[in-house]
Each structure stands twice: as structure tokens, then as C-alpha cells.
Amino acid sequence: MQADLNQKIYVAGHRGMVGSAIVRNLQAKGFTNIIFRTHTELDLTNQSAVAEFFETEKPDQVYLAAARVGGIYANNSYPAEFIYENLMVQNNVVHHAFICGVKKLLFLGSSCIYPRLAPQPMGEDALLMGKLEPTNEPYAIAKIAGIKLCESYNRQYGGSHGVDYRSVMPTNLYGPGDNYHPENCHVIPALIKRFHEAKINQAPQVLIWGTGTPRREFLFVDDMAAASVFVMGLDKAIYDTQADPMRSHINVGFGKDVTISELAHLVSKVVGYKGAICFDTSKPDGPPRKYMESTRINTLGWKPIIELEEGLGLAYLDFCKQAI
Ligand SMILES: NC(=O)c1ccc[n+]([C@@H]2O[C@H](COP(=O)([O-])OP(=O)(O)OC[C@H]3O[C@@H](n4cnc5c(N)ncnc54)[C@H](OP(=O)(O)O)[C@@H]3O)[C@@H](O)[C@H]2O)c1
């Protein structure tokens, strides 16, 4: 079915890494009526402000890519803020989208919804099958609530109001707009920063925590944006071939994983660092593998296109621009 390029689309979190990539993707496809608000203009934890925004704007579609996001340190230090803000943002956006007649909404979750010891690869059915990783449990609980919120509105209002709210669970993302905060960033931005600084300072070696053997999966953020727009645009009958009323979320992975050692060597190559890479094996490794099962989205017809080395090159270019 041909997309209506004039429909009004609200991208919540449009200045974030994922939200900005979704805006780029929509604009490249020719969508002309994309609306957004900065955090300062509209605090999504403020229910009356969100209600007024939806009442005034009445969008046709919503991409919910606004969230309080952070690494282990931030999640561990501010658990109350992480659960409270994320629950408030998603409750307000989903509920007021519904009140104002929005039929299509896409909720962005995260692979941390799956149990800490989930069988690998982690399929959608692993949800709620075990204990979560304690360091980001409050954040994960909010994300699980977001999925169940969308499902519950579909179940109660799908038939009567045509509500069709979907959820996508990305693996680890990286790319333009990533966060390089020293206490709060993910592994790829941390490695880019470390290797870049080591190159500038001509450091003889870079020391990486752990053995380098854990395997992780990474998806370039523009591929994630493409997956989001793809899932939003799927006919309901087709989406429903891979989703059930009470297991409606769809994983979005890269389909390949690498060891942390392989990743570090790739980042070093992309950055142009010529020194040695060493591993501090006295430091703890995380889980041996975290890999998403992406068969459902692949069956629906979507696959990523940006290989890890190419994506790392683009991420490094963006880092250099941010550093200027
Ligand atoms: N990055 C990843 O590796 C990854 C992996 C899996 C899933 N995801 C999911 O993708 C989504 C987006 O992540 P991201 O990496 O793009 O995060 P991000 O770069 O931190 O962007 C989040 C955006 O949300 C906005 N925001 C946060 N709280 C808000 C509030 N109360 N009111 C209005 N705006 C608010 C932020 O604005 P301010 O910056 O002004 O606060 C920011 O623009 C999240 O749901 C996340 O769980 C990300």
C-alpha cells in the first residue's frame, strides 16, 4: 500500500540518536508533515502538557523514541529517575495519543527487557521468563510496561477504535548522535573515544576491561530507523503473522555478533590507532553472549544493510565532527 506522505507524524525524542535517525529516514522517504518538540518545549513526564500537545496537534502517527536512557553507571545511580520518567513518558504519550484518535504508534524498547540468563539467541518469547539484569531492572521494567501498555490498548480498543500500537526491541545501537559521556556511554562510543585519544596522545597501548571474549551484537542506528518505519508501515494482517495480542513486540537485531576483542580491533582500525590492544583479565566480563533472535522481522521482509566496519567509520566521522 502507498504511504500517505502528508500524514502528520510526531517523532518524540527527535534530537536523540534514534529519533533523529527516524526523522532522517522519514524525510528521505518524502514525508513532509513531521512534527516534534524539544524536551524543554514539552516535558513528556508532564501529563497536562502532553494532553494539551496532542489536543492541539492531533497527529496521525507517533514514533515514541523519547526515553531516559543511559549506561550501567547512570542506571545504577539513578534507578528512581529511570523507572519514574520512563513510565511517565510512555503512559502520557500512549494514553493521550489514544485519547486524540492516534491509530498508529511505534514504541521503542530495548533488549534489556529479556532475562539476564535468557537462552541465546533471545527470541521474543523469552520476555518475562526469568529474572532481569539487576543493574538496569527499573529501566527494563518500564520498557516491559511500555510493551504491555501498547498491547493492552490494542486488545481493548483495537476492534472498537482501530488502535494499532506496535513495539520494536532493538539490539545495541550505535551511529551518528551517539552519547560520548565518560560515565554514561555504551561500548562502541567508549571504544571510539578511547582509541581516538590514544591515537592523538600516541599511547603505546589501550587496555580494555575483561577478557575480550564476550559476544555482542550491534546495529547501525539508520538501519534501526529503517526498521522502525518499515514496521510502522506494515499492513496489520502482515504484522499479525509474526505478532500475537499478548506477544506483540518484534526484535530488531543485526543478525551477526562479534567478540569484544574483534570489536576493539575493528574500532582501532577505523580510528587509525597503531598501538597495541591489551585486555585486563582481572576485570569482570558481562554475560558471555547477548544476541537477539531476529527471525520475525526478517520474515516480515526487513534486513539491515550497514555492515559493522562501515557503520563504525560513519560513527567515527560523526564523533570527529562533535569533537570539533
Ligand atoms: N541507544 C541504544 O543503544 C538503544 C538500544 C536499544 C534501544 N534503544 C531505545 O531507543 C530509544 C531512544 O534511545 P536513544 O539512544 O535515541 O536515546 P537518546 O539519544 O538519549 O534520546 C532520547 C531522547 O528523549 C528525550 N527525552 C528524554 N526524556 C524526555 C522527557 N521527559 N520529555 C521530552 N523528551 C525527553 C531526550 O531529550 P533530552 O536529551 O533533551 O533529555 C532525547 O532527545 C529509547 O527508548 C531506548 O530505550 C536505544
# chains A, B, ... in the order shown; residues from 1 in each chain; ligands from 1

$ residues_near_ligand --ligand "ligand 1" --cutoff "9 Å" --atoms "only C-alpha atoms and all ligand atoms" --output "MDAnalysis selection string"
chainID A and resid 12:21 37:46 64:70 85:86 88:89 107:112 139:140 143 168:175 177:179 186 218:219 221

$ residues_around --residues "region 243-251 of chain A" --least-positions-apart "3" --cutoff "7 Å" --atoms "only C-alpha atoms" --output "number ranges by chain"
A: 124, 147, 151, 155, 166-170, 239-240, 292-294, 296-297

$ closest_residue --among "A:Asn136, A:Val11, A:Gly30, A:Ile200" --to "Ala74 (chain A)" --atoms "only C-alpha atoms"
A:Asn136

$ closest_residue --among "A:Lys256, A:Phe220, A:Ala226, A:Ser268" --to "Glu310 (chain A)" --atoms "only C-alpha atoms"
A:Phe220

$ residues_around --residues "Thr56 (chain A)" --least-positions-apart "3" --cutoff "12 Å" --atoms "only C-alpha atoms" --output "JSON, numbers by chain"
{"A": [35, 49, 50, 51, 52, 53, 59, 96, 97, 100]}

$ write_last_selection --atoms "all heavy atoms" --output "PDB file, in the first residue's frame"
ATOM      1  N   ILE A  35       6.290  16.411  12.918  1.00  0.00           N
ATOM      2  CA  ILE A  35       6.309  17.409  13.992  1.00  0.00           C
ATOM      3  C   ILE A  35       7.131  16.887  15.170  1.00  0.00           C
ATOM      4  O   ILE A  35       7.246  15.679  15.382  1.00  0.00           O
ATOM      5  CB  ILE A  35       4.883  17.809  14.462  1.00  0.00           C
ATOM      6  CG1 ILE A  35       4.092  16.582  14.939  1.00  0.00           C
ATOM      7  CG2 ILE A  35       4.134  18.534  13.356  1.00  0.00           C
ATOM      8  CD1 ILE A  35       2.855  16.958  15.723  1.00  0.00           C
ATOM      9  N   ALA A  49       0.665  18.887  30.032  1.00  0.00           N
ATOM     10  CA  ALA A  49       1.330  19.456  28.839  1.00  0.00           C
ATOM     11  C   ALA A  49       1.209  18.491  27.657  1.00  0.00           C
ATOM     12  O   ALA A  49       0.968  18.916  26.524  1.00  0.00           O
ATOM     13  CB  ALA A  49       2.797  19.733  29.159  1.00  0.00           C
ATOM     14  N   VAL A  50       1.354  17.192  27.931  1.00  0.00           N
ATOM     15  CA  VAL A  50       1.244  16.197  26.851  1.00  0.00           C
ATOM     16  C   VAL A  50      -0.194  16.173  26.324  1.00  0.00           C
ATOM     17  O   VAL A  50      -0.427  16.129  25.103  1.00  0.00           O
ATOM     18  CB  VAL A  50       1.687  14.798  27.348  1.00  0.00           C
ATOM     19  CG1 VAL A  50       1.435  13.726  26.285  1.00  0.00           C
ATOM     20  CG2 VAL A  50       3.162  14.810  27.732  1.00  0.00           C
ATOM     21  N   ALA A  51      -1.164  16.237  27.236  1.00  0.00           N
ATOM     22  CA  ALA A  51      -2.570  16.241  26.820  1.00  0.00           C
ATOM     23  C   ALA A  51      -2.840  17.440  25.908  1.00  0.00           C
ATOM     24  O   ALA A  51      -3.459  17.306  24.839  1.00  0.00           O
ATOM     25  CB  ALA A  51      -3.471  16.294  28.055  1.00  0.00           C
ATOM     26  N   GLU A  52      -2.339  18.599  26.298  1.00  0.00           N
ATOM     27  CA  GLU A  52      -2.571  19.817  25.509  1.00  0.00           C
ATOM     28  C   GLU A  52      -1.904  19.711  24.134  1.00  0.00           C
ATOM     29  O   GLU A  52      -2.479  20.098  23.114  1.00  0.00           O
ATOM     30  CB  GLU A  52      -2.009  21.020  26.288  1.00  0.00           C
ATOM     31  CG  GLU A  52      -2.477  22.340  25.738  1.00  0.00           C
ATOM     32  CD  GLU A  52      -1.800  23.498  26.477  1.00  0.00           C
ATOM     33  OE1 GLU A  52      -1.622  23.414  27.711  1.00  0.00           O
ATOM     34  OE2 GLU A  52      -1.445  24.464  25.786  1.00  0.00           O
ATOM     35  N   PHE A  53      -0.681  19.154  24.135  1.00  0.00           N
ATOM     36  CA  PHE A  53       0.045  18.993  22.870  1.00  0.00           C
ATOM     37  C   PHE A  53      -0.759  18.119  21.894  1.00  0.00           C
ATOM     38  O   PHE A  53      -0.967  18.480  20.733  1.00  0.00           O
ATOM     39  CB  PHE A  53       1.428  18.374  23.136  1.00  0.00           C
ATOM     40  CG  PHE A  53       2.110  17.866  21.905  1.00  0.00           C
ATOM     41  CD1 PHE A  53       2.705  18.748  21.013  1.00  0.00           C
ATOM     42  CD2 PHE A  53       2.147  16.508  21.622  1.00  0.00           C
ATOM     43  CE1 PHE A  53       3.326  18.282  19.859  1.00  0.00           C
ATOM     44  CE2 PHE A  53       2.773  16.036  20.467  1.00  0.00           C
ATOM     45  CZ  PHE A  53       3.356  16.923  19.583  1.00  0.00           C
ATOM     46  N   PRO A  59      -1.775  14.414  15.890  1.00  0.00           N
ATOM     47  CA  PRO A  59      -1.006  13.705  14.849  1.00  0.00           C
ATOM     48  C   PRO A  59      -1.726  12.442  14.391  1.00  0.00           C
ATOM     49  O   PRO A  59      -2.604  11.922  15.077  1.00  0.00           O
ATOM     50  CB  PRO A  59       0.309  13.356  15.557  1.00  0.00           C
ATOM     51  CG  PRO A  59       0.003  13.391  17.004  1.00  0.00           C
ATOM     52  CD  PRO A  59      -1.146  14.331  17.212  1.00  0.00           C
ATOM     53  N   HIS A  96      -2.508   9.692  25.748  1.00  0.00           N
ATOM     54  CA  HIS A  96      -3.055  10.886  25.078  1.00  0.00           C
ATOM     55  C   HIS A  96      -3.061  10.722  23.567  1.00  0.00           C
ATOM     56  O   HIS A  96      -3.900  11.329  22.888  1.00  0.00           O
ATOM     57  CB  HIS A  96      -2.345  12.148  25.559  1.00  0.00           C
ATOM     58  CG  HIS A  96      -2.760  12.435  26.979  1.00  0.00           C
ATOM     59  ND1 HIS A  96      -3.991  12.968  27.280  1.00  0.00           N
ATOM     60  CD2 HIS A  96      -2.157  12.159  28.148  1.00  0.00           C
ATOM     61  CE1 HIS A  96      -4.112  13.035  28.597  1.00  0.00           C
ATOM     62  NE2 HIS A  96      -3.015  12.543  29.154  1.00  0.00           N
ATOM     63  N   ALA A  97      -2.185   9.898  23.038  1.00  0.00           N
ATOM     64  CA  ALA A  97      -2.291   9.552  21.616  1.00  0.00           C
ATOM     65  C   ALA A  97      -3.646   8.872  21.393  1.00  0.00           C
ATOM     66  O   ALA A  97      -4.397   9.220  20.477  1.00  0.00           O
ATOM     67  CB  ALA A  97      -1.156   8.623  21.206  1.00  0.00           C
ATOM     68  N   CYS A 100      -6.625  11.207  21.628  1.00  0.00           N
ATOM     69  CA  CYS A 100      -6.761  12.108  20.479  1.00  0.00           C
ATOM     70  C   CYS A 100      -6.895  11.367  19.154  1.00  0.00           C
ATOM     71  O   CYS A 100      -6.737  11.963  18.094  1.00  0.00           O
ATOM     72  CB  CYS A 100      -5.608  13.105  20.459  1.00  0.00           C
ATOM     73  SG  CYS A 100      -5.787  14.256  21.825  1.00  0.00           S
TER      74      CYS A 100
END

$ atom_distance --atom1 "CA of Ile192 (chain A)" --atom2 "CA of Tyr273 (chain A)"
10.2 Å

$ select_by_dssp --residues "region 235-287 of chain A" --states "strand (DSSP E)" --output "ChimeraX atom specification"
/A:249-252,258-259,276-280

$ write_last_selection --atoms "C-alpha atoms" --output "PDB file, in the first residue's frame"
ATOM      1  CA  HIS A 249       6.881  -6.903  20.233  1.00  0.00           C
ATOM      2  CA  ILE A 250       9.350  -7.556  17.424  1.00  0.00           C
ATOM      3  CA  ASN A 251      13.119  -7.869  17.865  1.00  0.00           C
ATOM      4  CA  VAL A 252      15.405  -5.851  15.618  1.00  0.00           C
ATOM      5  CA  VAL A 258      31.300 -10.175  17.390  1.00  0.00           C
ATOM      6  CA  THR A 259      33.553 -10.634  20.392  1.00  0.00           C
ATOM      7  CA  ALA A 276      48.696  -2.450  20.998  1.00  0.00           C
ATOM      8  CA  ILE A 277      45.362  -3.635  22.379  1.00  0.00           C
ATOM      9  CA  CYS A 278      45.584  -5.394  25.754  1.00  0.00           C
ATOM     10  CA  PHE A 279      42.930  -6.961  27.962  1.00  0.00           C
ATOM     11  CA  ASP A 280      42.745  -6.591  31.723  1.00  0.00           C
TER      12      ASP A 280
END

$ select_by_dssp --residues "region 190-310 of chain A" --states "helix (DSSP H, G or I)" --output "NGL selection string"
:A and (190-200 or 221-233 or 236-239 or 260-271 or 295-300 or 308-310)
